[in-house]
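Peer 1: Quick one: structure below, then a few questions.
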Amino acid sequence: MIDAKLLRNSAGEVAKNLARRNFTFDADAYLVLEEQRKAVQVAVESLRAERNASAKSIGKAKAQGEDVEPLLAAVKDLGDRLEGAENKLQLVQAELIDIELGLPNLLHDDVPDGCDETENREVLKWGDLPEFDFEPLDHVDLGSGLAMLDFEAASRISGSRFSVLRGPLARLQRALIQFMLDTHTSEHGYEEVYVPYLVQSDALVGTGQLPKFEADLFKTTDDPPFFLIPTAEVPVTNLARDSILDAGEMPMRYVAHTPCFRSEAGSYGRDTRGMIRQHQFEKVELVQFVDPATSDAALEELTGHAESILERLGLPYRKVILCCGDVGFGSHKTYDLEVWLPGQQAYREISSCSNYLDFQARRMRARWRNPDSGKPELLHTLNGSGVAAGRALIAILENYQQADGTVVVPEVLLPYMGGIEKLEPAAA
RNA sequence: GGAGAGGUGGCUGAGUGGUCGAAAGCGCUCCCCUGCUAAGGGAGUAAGGGUUAAAAGCCCUUCGAGGGUUCGAAUCCCUCCCUCUCCGCCA
């Protein structure tokens, strides 16, 4: 959420910033509502003050044995007036909150103009693209050639957009996850956490998926419903919900491995081949809670932690800064890391690292005690994939493939592979 | 799933209709005293919101959540959630 005070005082400026996203914020309509809110709230509060004062004097009079009948008569209609005003206030406030929860975050000045992902600006390229003296296969052909990637079995069980990994390939994904968690915990200063995969709607409102993007989520029929997490960002960021952190324990860095569940509504035609876009995938996620003064720097640092994973794996990638039209709803500024996939001859997103400023913190009341003011203030949240394990697996298959259809295991994963140095078909 | 107990401020914990945002203790902050340390004395110490350009001041809200009764609710009634103990079941 954007600070309501900022909306009131600088609605025009906010509208201008959001217009860069091609989002229309009707500042005038908002301000009209806001005027109503102010009038009604002042009325409600003064009525309440009146009620409190008379209740108090009735109490006093009674204690002194005086006749309270005239006092009671005097406040007779106060309750009705108050109730009417309170109902009105509730309506106006609900309307305002609806608007506020639907506003995307303000954009950082660094964010370039542009409508969609084609206009994201490349920041850097790392690694040499692999050169093959044969026609490189994509992960689907490689995986099925090895008999380790089985979409048919998956679709019998669950339908489309699922996969079954077998044997060494399943182990390779586990190795990747282990490697990433170990690297982030032992070298980048993150605390590993294990979190729920089913969350309640409040958690999703906190991180910004709700109320706007319910269609992207899987929802249970319980009452109240559970939602399957679309990313570990949701439960991990909500660790700070309704709390006040000490300055001394900041920045807080958390890393979690979780499966992620996305309905992929609205992307029916996209990436239907292979395991690029699945309803369920594994991801290692980085989350930070930081002093607002340091969040810009923290984004660079966090992105660097994700980059370091790709570098250690020897996977060529490029880093882009997302343009106005492609930045996520709640993000102030986002870097995507895109890994090179020889099978597609394209860079594909494997990590997305964002600074949310206080956008999520405001929604979930995540604060820290600023030693300068001594007061609780909203903290800043950041998160980024460090990295998506499913897509990393694809990248390894495609980048480390050999002419004979086998796949060499990247060196940093060998300690996790129990002696397997190469994925090759099981001996007949 | 069954039975019972309970949810109050950073923590422990008192408070069964009015002057209670809430005793007391602990913790924390500041001051005083004490030649270190220990002990002692005093003051302060919740969060959110409104009003304001901002602040001060003033006001409103919050005692698990939501409803209700009442002039007035931490306190009474209803519903729900959570925690603990015992039983059942289970990994």
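Letters A, B, ... mark the chains of the structure tokens in the order given; residue numbers begin at 1 per chain; ligand numbers begin at 1, in order shown.
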Based on the backbone DSSP call, show me all residues of region 219-392 of chain A assigned strand (DSSP E), as a ChimeraX atom specification.
Peer 2: /A:227-228,243-245,252-261,280-290,317-321,333-341,346-355,366-369,376-378,380-388
Peer 1: Counting only C-alpha atoms (C1' of nucleotides), collect the residues of chain B whose closest atom lies at most 7 Å from chain A, and write them out as a PyMOL selection string.
Peer 2: chain B and resi 18+50+60+71-72
Peer 1: Can I get the selection written as a PDB file, in the first residue's frame, with N, CA and C atoms (P, O5', C5', C4', C3', O3' and C1' of nucleotides)?
Peer 2:
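Output file result_10.pdb is given in full below:
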ATOM      1  P     G B  18     -17.571  -1.069  37.985  1.00  0.00           P
ATOM      2  O5'   G B  18     -17.309   0.352  37.328  1.00  0.00           O
ATOM      3  C5'   G B  18     -16.585   0.422  36.101  1.00  0.00           C
ATOM      4  C4'   G B  18     -16.707   1.811  35.541  1.00  0.00           C
ATOM      5  C3'   G B  18     -16.109   2.899  36.421  1.00  0.00           C
ATOM      6  O3'   G B  18     -15.399   3.745  35.560  1.00  0.00           O
ATOM      7  C1'   G B  18     -18.379   3.387  35.958  1.00  0.00           C
ATOM      8  P     G B  50      -4.668   9.085  10.274  1.00  0.00           P
ATOM      9  O5'   G B  50      -5.747   9.988  10.999  1.00  0.00           O
ATOM     10  C5'   G B  50      -7.110   9.879  10.649  1.00  0.00           C
ATOM     11  C4'   G B  50      -7.930  10.812  11.489  1.00  0.00           C
ATOM     12  C3'   G B  50      -7.535  12.278  11.397  1.00  0.00           C
ATOM     13  O3'   G B  50      -8.106  12.871  10.259  1.00  0.00           O
ATOM     14  C1'   G B  50      -7.824  11.675  13.664  1.00  0.00           C
ATOM     15  P     C B  60     -11.984  10.892  23.801  1.00  0.00           P
ATOM     16  O5'   C B  60     -11.937  10.016  22.473  1.00  0.00           O
ATOM     17  C5'   C B  60     -13.011  10.050  21.550  1.00  0.00           C
ATOM     18  C4'   C B  60     -12.695   9.161  20.378  1.00  0.00           C
ATOM     19  C3'   C B  60     -12.334   7.727  20.745  1.00  0.00           C
ATOM     20  O3'   C B  60     -13.490   6.946  20.982  1.00  0.00           O
ATOM     21  C1'   C B  60     -10.770   8.545  19.183  1.00  0.00           C
ATOM     22  P     C B  71     -29.538   2.210  27.917  1.00  0.00           P
ATOM     23  O5'   C B  71     -28.244   3.131  27.834  1.00  0.00           O
ATOM     24  C5'   C B  71     -28.238   4.249  26.948  1.00  0.00           C
ATOM     25  C4'   C B  71     -27.079   5.148  27.302  1.00  0.00           C
ATOM     26  C3'   C B  71     -25.742   4.443  27.449  1.00  0.00           C
ATOM     27  O3'   C B  71     -25.118   4.264  26.195  1.00  0.00           O
ATOM     28  C1'   C B  71     -26.065   5.853  29.300  1.00  0.00           C
ATOM     29  P     G B  72     -24.460   2.856  25.866  1.00  0.00           P
ATOM     30  O5'   G B  72     -23.258   2.815  26.905  1.00  0.00           O
ATOM     31  C5'   G B  72     -22.149   3.692  26.727  1.00  0.00           C
ATOM     32  C4'   G B  72     -21.196   3.579  27.875  1.00  0.00           C
ATOM     33  C3'   G B  72     -20.634   2.188  28.134  1.00  0.00           C
ATOM     34  O3'   G B  72     -19.571   1.897  27.258  1.00  0.00           O
ATOM     35  C1'   G B  72     -21.319   3.156  30.165  1.00  0.00           C
TER      36        G B  72
END
Peer 1: Would you mind listing what lies within 12 Å of G68 (chain B) as a list in words, with only C-alpha atoms (C1' of nucleotides) counted and same-chain residues fewer than 5 positions away left out?
Peer 2: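 Surrounding residues, per the criterion: A73, C76, C77, C78 and U79 of chain B.
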Peer 1: Restrict the selected residues to N, CA, C and O atoms (P, O5', C5', C4', C3', O3' and C1' of nucleotides) and save them as an mmCIF file, in the first residue's frame.
Peer 2:
data_model
loop_
_atom_site.group_PDB
_atom_site.id
_atom_site.type_symbol
_atom_site.label_atom_id
_atom_site.label_comp_id
_atom_site.auth_asym_id
_atom_site.auth_seq_id
_atom_site.Cartn_x
_atom_site.Cartn_y
_atom_site.Cartn_z
ATOM 1 P P A B 73 -19.314 0.373 26.823
ATOM 2 O "O5'" A B 73 -18.878 -0.367 28.163
ATOM 3 C "C5'" A B 73 -17.665 -0.053 28.840
ATOM 4 C "C4'" A B 73 -16.912 -1.335 29.138
ATOM 5 C "C3'" A B 73 -16.386 -2.044 27.899
ATOM 6 O "O3'" A B 73 -15.211 -2.765 28.239
ATOM 7 C "C1'" A B 73 -17.947 -3.424 28.956
ATOM 8 P P C B 76 -17.466 -11.570 33.026
ATOM 9 O "O5'" C B 76 -18.983 -11.257 32.655
ATOM 10 C "C5'" C B 76 -20.001 -11.280 33.640
ATOM 11 C "C4'" C B 76 -21.353 -11.156 32.989
ATOM 12 C "C3'" C B 76 -21.511 -11.955 31.701
ATOM 13 O "O3'" C B 76 -21.847 -13.310 31.967
ATOM 14 C "C1'" C B 76 -22.278 -9.752 31.356
ATOM 15 P P C B 77 -21.439 -14.468 30.951
ATOM 16 O "O5'" C B 77 -22.464 -14.254 29.752
ATOM 17 C "C5'" C B 77 -23.854 -14.479 29.916
ATOM 18 C "C4'" C B 77 -24.560 -14.275 28.597
ATOM 19 C "C3'" C B 77 -23.944 -15.024 27.420
ATOM 20 O "O3'" C B 77 -24.374 -16.363 27.371
ATOM 21 C "C1'" C B 77 -24.338 -12.775 26.793
ATOM 22 P P C B 78 -23.427 -17.493 26.690
ATOM 23 O "O5'" C B 78 -23.553 -17.160 25.137
ATOM 24 C "C5'" C B 78 -24.784 -17.346 24.456
ATOM 25 C "C4'" C B 78 -24.646 -16.934 23.010
ATOM 26 C "C3'" C B 78 -23.497 -17.588 22.258
ATOM 27 O "O3'" C B 78 -23.826 -18.882 21.801
ATOM 28 C "C1'" C B 78 -23.506 -15.262 21.816
ATOM 29 P P U B 79 -22.668 -19.972 21.614
ATOM 30 O "O5'" U B 79 -21.936 -19.479 20.280
ATOM 31 C "C5'" U B 79 -22.617 -19.516 19.030
ATOM 32 C "C4'" U B 79 -21.764 -18.878 17.958
ATOM 33 C "C3'" U B 79 -20.345 -19.425 17.830
ATOM 34 O "O3'" U B 79 -20.295 -20.634 17.098
ATOM 35 C "C1'" U B 79 -20.277 -17.065 17.826
#
Peer 1: Could you give me, as a list of chain:residue names, the residues within 12 Å of C84 (chain B), counting only C-alpha atoms (C1' of nucleotides) and dropping anything in the same chain fewer than 5 positions from it?
Peer 2: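 Skipping anything fewer than 5 positions along the chain leaves B:G4, B:A5, B:G6, B:G7.
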Peer 1: Keeping only all heavy atoms, write those residues as a short mmCIF file (atom, residue, chain, number, x, y, z; two decimals), in the first residue's frame.
Peer 2:
data_model
loop_
_atom_site.label_atom_id
_atom_site.label_comp_id
_atom_site.auth_asym_id
_atom_site.auth_seq_id
_atom_site.Cartn_x
_atom_site.Cartn_y
_atom_site.Cartn_z
P G B 4 -16.12 -30.19 29.30
OP1 G B 4 -17.27 -29.92 30.19
OP2 G B 4 -16.10 -29.64 27.92
"O5'" G B 4 -14.77 -29.73 30.03
"C5'" G B 4 -14.64 -29.91 31.43
"C4'" G B 4 -13.21 -29.68 31.85
"O4'" G B 4 -12.31 -30.34 30.90
"C3'" G B 4 -12.72 -28.24 31.81
"O3'" G B 4 -13.17 -27.48 32.93
"C2'" G B 4 -11.21 -28.44 31.79
"O2'" G B 4 -10.74 -28.81 33.07
"C1'" G B 4 -11.09 -29.63 30.83
N9 G B 4 -10.88 -29.15 29.46
C8 G B 4 -11.76 -29.13 28.40
N7 G B 4 -11.25 -28.64 27.31
C5 G B 4 -9.95 -28.29 27.67
C6 G B 4 -8.90 -27.70 26.91
O6 G B 4 -8.91 -27.35 25.73
N1 G B 4 -7.75 -27.53 27.67
C2 G B 4 -7.63 -27.87 28.99
N2 G B 4 -6.45 -27.62 29.55
N3 G B 4 -8.58 -28.42 29.71
C4 G B 4 -9.71 -28.60 28.99
P A B 5 -13.36 -25.91 32.77
OP1 A B 5 -14.01 -25.42 34.01
OP2 A B 5 -14.00 -25.65 31.46
"O5'" A B 5 -11.87 -25.35 32.73
"C5'" A B 5 -11.04 -25.44 33.87
"C4'" A B 5 -9.66 -24.94 33.55
"O4'" A B 5 -9.10 -25.72 32.46
"C3'" A B 5 -9.58 -23.51 33.03
"O3'" A B 5 -9.63 -22.54 34.06
"C2'" A B 5 -8.24 -23.51 32.30
"O2'" A B 5 -7.17 -23.45 33.21
"C1'" A B 5 -8.28 -24.90 31.67
N9 A B 5 -8.82 -24.84 30.30
C8 A B 5 -10.09 -25.16 29.87
N7 A B 5 -10.27 -24.99 28.58
C5 A B 5 -9.04 -24.52 28.13
C6 A B 5 -8.58 -24.15 26.86
N6 A B 5 -9.32 -24.19 25.77
N1 A B 5 -7.29 -23.72 26.76
C2 A B 5 -6.55 -23.68 27.87
N3 A B 5 -6.87 -24.00 29.12
C4 A B 5 -8.15 -24.43 29.19
P G B 6 -10.32 -21.12 33.77
OP1 G B 6 -10.28 -20.36 35.04
OP2 G B 6 -11.61 -21.33 33.07
"O5'" G B 6 -9.31 -20.46 32.74
"C5'" G B 6 -8.01 -20.07 33.15
"C4'" G B 6 -7.12 -19.84 31.97
"O4'" G B 6 -7.29 -20.89 30.99
"C3'" G B 6 -7.38 -18.59 31.14
"O3'" G B 6 -6.88 -17.44 31.80
"C2'" G B 6 -6.61 -18.91 29.87
"O2'" G B 6 -5.21 -18.75 30.04
"C1'" G B 6 -6.90 -20.41 29.71
N9 G B 6 -7.96 -20.66 28.73
C8 G B 6 -9.25 -21.09 28.95
N7 G B 6 -9.94 -21.23 27.85
C5 G B 6 -9.05 -20.88 26.84
C6 G B 6 -9.20 -20.83 25.43
O6 G B 6 -10.20 -21.11 24.77
N1 G B 6 -8.05 -20.41 24.79
C2 G B 6 -6.88 -20.06 25.43
N2 G B 6 -5.87 -19.68 24.65
N3 G B 6 -6.71 -20.11 26.73
C4 G B 6 -7.83 -20.52 27.37
P G B 7 -7.04 -16.00 31.11
OP1 G B 7 -6.71 -14.99 32.13
OP2 G B 7 -8.30 -15.89 30.34
"O5'" G B 7 -5.83 -16.12 30.06
"C5'" G B 7 -5.23 -14.96 29.54
"C4'" G B 7 -4.82 -15.23 28.10
"O4'" G B 7 -5.60 -16.29 27.54
"C3'" G B 7 -5.00 -14.01 27.22
"O3'" G B 7 -3.76 -13.64 26.64
"C2'" G B 7 -6.00 -14.42 26.16
"O2'" G B 7 -5.59 -14.03 24.86
"C1'" G B 7 -5.98 -15.95 26.23
N9 G B 7 -7.29 -16.55 25.95
C8 G B 7 -8.23 -16.97 26.86
N7 G B 7 -9.29 -17.48 26.32
C5 G B 7 -9.05 -17.39 24.96
C6 G B 7 -9.84 -17.78 23.86
O6 G B 7 -10.96 -18.32 23.88
N1 G B 7 -9.23 -17.52 22.65
C2 G B 7 -8.00 -16.94 22.51
N2 G B 7 -7.58 -16.76 21.26
N3 G B 7 -7.23 -16.57 23.51
C4 G B 7 -7.82 -16.83 24.70
#
Peer 1: So that I can see what lies close to Glu86 (chain A), please list as a PyMOL selection string the residues with an atom at most 9 Å from it, counting only C-alpha atoms (C1' of nucleotides) and leaving out residues fewer than 3 positions away in the same chain.
Peer 2: chain A and resi 40-41+43-44+81-83+89-91
Peer 1: Write out as a PDB file with all heavy atoms, in the first residue's frame each polymer residue whose atoms come within 9 Å of Gln93 (chain A), counting only C-alpha atoms (C1' of nucleotides); drop sequence neighbours fewer than 5 positions from it.
Peer 2:
ATOM      1  N   LEU A  33     -13.580  11.368  -1.900  1.00  0.00           N
ATOM      2  CA  LEU A  33     -13.858  10.369  -0.870  1.00  0.00           C
ATOM      3  C   LEU A  33     -13.132  10.703   0.427  1.00  0.00           C
ATOM      4  O   LEU A  33     -13.673  10.575   1.521  1.00  0.00           O
ATOM      5  CB  LEU A  33     -13.377   8.995  -1.338  1.00  0.00           C
ATOM      6  CG  LEU A  33     -14.379   8.012  -1.897  1.00  0.00           C
ATOM      7  CD1 LEU A  33     -13.668   6.706  -2.221  1.00  0.00           C
ATOM      8  CD2 LEU A  33     -15.490   7.759  -0.880  1.00  0.00           C
ATOM      9  N   GLU A  34     -11.916  11.118   0.263  1.00  0.00           N
ATOM     10  CA  GLU A  34     -11.071  11.428   1.408  1.00  0.00           C
ATOM     11  C   GLU A  34     -11.650  12.603   2.213  1.00  0.00           C
ATOM     12  O   GLU A  34     -11.625  12.595   3.442  1.00  0.00           O
ATOM     13  CB  GLU A  34      -9.650  11.702   0.900  1.00  0.00           C
ATOM     14  CG  GLU A  34      -8.674  12.281   1.896  1.00  0.00           C
ATOM     15  CD  GLU A  34      -8.556  11.509   3.196  1.00  0.00           C
ATOM     16  OE1 GLU A  34      -8.814  10.285   3.214  1.00  0.00           O
ATOM     17  OE2 GLU A  34      -8.237  12.135   4.219  1.00  0.00           O
ATOM     18  N   ARG A  37     -14.412  11.191   4.171  1.00  0.00           N
ATOM     19  CA  ARG A  37     -13.874  10.433   5.308  1.00  0.00           C
ATOM     20  C   ARG A  37     -13.512  11.368   6.440  1.00  0.00           C
ATOM     21  O   ARG A  37     -13.844  11.113   7.599  1.00  0.00           O
ATOM     22  CB  ARG A  37     -12.633   9.665   4.853  1.00  0.00           C
ATOM     23  CG  ARG A  37     -12.062   8.716   5.875  1.00  0.00           C
ATOM     24  CD  ARG A  37     -10.573   8.956   6.042  1.00  0.00           C
ATOM     25  NE  ARG A  37     -10.320   9.839   7.170  1.00  0.00           N
ATOM     26  CZ  ARG A  37      -9.464  10.825   7.188  1.00  0.00           C
ATOM     27  NH1 ARG A  37      -8.765  11.136   6.122  1.00  0.00           N
ATOM     28  NH2 ARG A  37      -9.294  11.561   8.258  1.00  0.00           N
ATOM     29  N   LYS A  88     -21.701   5.142   8.362  1.00  0.00           N
ATOM     30  CA  LYS A  88     -21.245   5.919   7.208  1.00  0.00           C
ATOM     31  C   LYS A  88     -19.727   5.859   7.105  1.00  0.00           C
ATOM     32  O   LYS A  88     -19.153   5.670   6.035  1.00  0.00           O
ATOM     33  CB  LYS A  88     -21.729   7.368   7.381  1.00  0.00           C
ATOM     34  CG  LYS A  88     -21.271   8.320   6.307  1.00  0.00           C
ATOM     35  CD  LYS A  88     -22.447   8.837   5.487  1.00  0.00           C
ATOM     36  CE  LYS A  88     -21.981   9.593   4.249  1.00  0.00           C
ATOM     37  NZ  LYS A  88     -21.881  11.039   4.479  1.00  0.00           N
ATOM     38  N   ASP A  98     -10.373  -0.221  -0.361  1.00  0.00           N
ATOM     39  CA  ASP A  98     -10.460  -0.924  -1.635  1.00  0.00           C
ATOM     40  C   ASP A  98      -9.543  -0.282  -2.670  1.00  0.00           C
ATOM     41  O   ASP A  98      -8.795  -0.957  -3.371  1.00  0.00           O
ATOM     42  CB  ASP A  98     -11.899  -0.867  -2.178  1.00  0.00           C
ATOM     43  CG  ASP A  98     -12.675  -2.108  -1.804  1.00  0.00           C
ATOM     44  OD1 ASP A  98     -12.101  -2.954  -1.093  1.00  0.00           O
ATOM     45  OD2 ASP A  98     -13.836  -2.231  -2.226  1.00  0.00           O
TER      46      ASP A  98
END
Peer 1: List as number ranges by chain the protein and nucleic acid residues near region 202-213 of chain A, meaning an atom at most 9 Å away when only C-alpha atoms (C1' of nucleotides) are counted, but skip any in the same chain fewer than 3 places from it.
Peer 2: A: 1, 98, 101-102, 104, 199, 216-217, 227, 229-230, 233-235, 237-238, 241, 329-330, 359-365
Peer 1: Those same residues, written as a PDB file, in the first residue's frame with C-alpha atoms?
Peer 2:
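Just written: result_1.pdb:
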ATOM      1  CA  MET A   1       0.000   0.000   0.000  1.00  0.00           C
ATOM      2  CA  ASP A  98     -10.460  -0.924  -1.635  1.00  0.00           C
ATOM      3  CA  LEU A 101      -5.226  -2.080  -1.780  1.00  0.00           C
ATOM      4  CA  GLY A 102      -5.599  -1.907  -5.533  1.00  0.00           C
ATOM      5  CA  PRO A 104       0.482  -0.662  -7.298  1.00  0.00           C
ATOM      6  CA  VAL A 199      -1.642 -19.746   4.065  1.00  0.00           C
ATOM      7  CA  ASP A 216      -3.392 -16.870 -10.071  1.00  0.00           C
ATOM      8  CA  LEU A 217      -3.723 -18.857  -6.871  1.00  0.00           C
ATOM      9  CA  PHE A 227      -4.295 -20.798  -0.419  1.00  0.00           C
ATOM     10  CA  ILE A 229       1.670 -20.423  -1.718  1.00  0.00           C
ATOM     11  CA  PRO A 230       2.688 -19.108  -5.156  1.00  0.00           C
ATOM     12  CA  GLU A 233       7.897 -14.834  -0.352  1.00  0.00           C
ATOM     13  CA  VAL A 234       4.388 -15.041   1.101  1.00  0.00           C
ATOM     14  CA  PRO A 235       4.995 -16.999   4.312  1.00  0.00           C
ATOM     15  CA  THR A 237       7.789 -12.071   4.402  1.00  0.00           C
ATOM     16  CA  ASN A 238       4.854 -12.501   6.736  1.00  0.00           C
ATOM     17  CA  ARG A 241       3.748  -9.299  10.248  1.00  0.00           C
ATOM     18  CA  PHE A 329       2.368  -4.847  -8.772  1.00  0.00           C
ATOM     19  CA  GLY A 330       4.053  -4.322  -5.414  1.00  0.00           C
ATOM     20  CA  PHE A 359       4.556  -1.376   0.406  1.00  0.00           C
ATOM     21  CA  GLN A 360       4.260  -4.837   1.944  1.00  0.00           C
ATOM     22  CA  ALA A 361       5.310  -3.676   5.407  1.00  0.00           C
ATOM     23  CA  ARG A 362       2.369  -1.267   5.543  1.00  0.00           C
ATOM     24  CA  ARG A 363      -0.042  -3.995   4.514  1.00  0.00           C
ATOM     25  CA  MET A 364       1.181  -6.298   7.246  1.00  0.00           C
ATOM     26  CA  ARG A 365       2.303  -3.812   9.881  1.00  0.00           C
TER      27      ARG A 365
END
Peer 1: For the structure I just gave you, how does DSSP split region 186-312 of chain A - specifically, which residues are helix (DSSP H, G or I)? Reply as a ChimeraX atom specification.
Peer 2: /A:186-187,201-207,214-216,233-240,247-249,292-312
Peer 1: For each of B:G1, B:C80, B:A53, B:C36, take the minimum atom-to-atom distance to G66 (chain B), counting only C-alpha atoms (C1' of nucleotides), then give the residue where this is smallest.
Peer 2: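 Comparing B:G1, B:C80, B:A53, B:C36 against G66 (chain B), the winner is B:C80.
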Peer 1: Report, in Å to a single decimal, how far apart CA of Glu187 (chain A) and CA of Pro251 (chain A) are.
Peer 2: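 Taking CA of Pro251 (chain A) as the start and CA of Glu187 (chain A) as the end point, the length is 15.5 Å.
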Peer 1: Please measure the separation of CA of Asp110 (chain A) and CA of Phe25 (chain A), giving the value in Å to one decimal.
Peer 2: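 Separation of CA of Asp110 (chain A) and CA of Phe25 (chain A): 21.3 Å.
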Peer 1: Mind pulling up the distance from CA of Val287 (chain A) to CA of Ser373 (chain A)?
Peer 2: 25.6 Å
Peer 1: Could you check the closest approach to Leu142 (chain A) for each of A:Ala240, A:Ala403, A:Val284, A:Ala426 and tell me which residue wins, using only C-alpha atoms?
Peer 2: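 That would be A:Ala403, the residue with the smallest distance to Leu142 (chain A).
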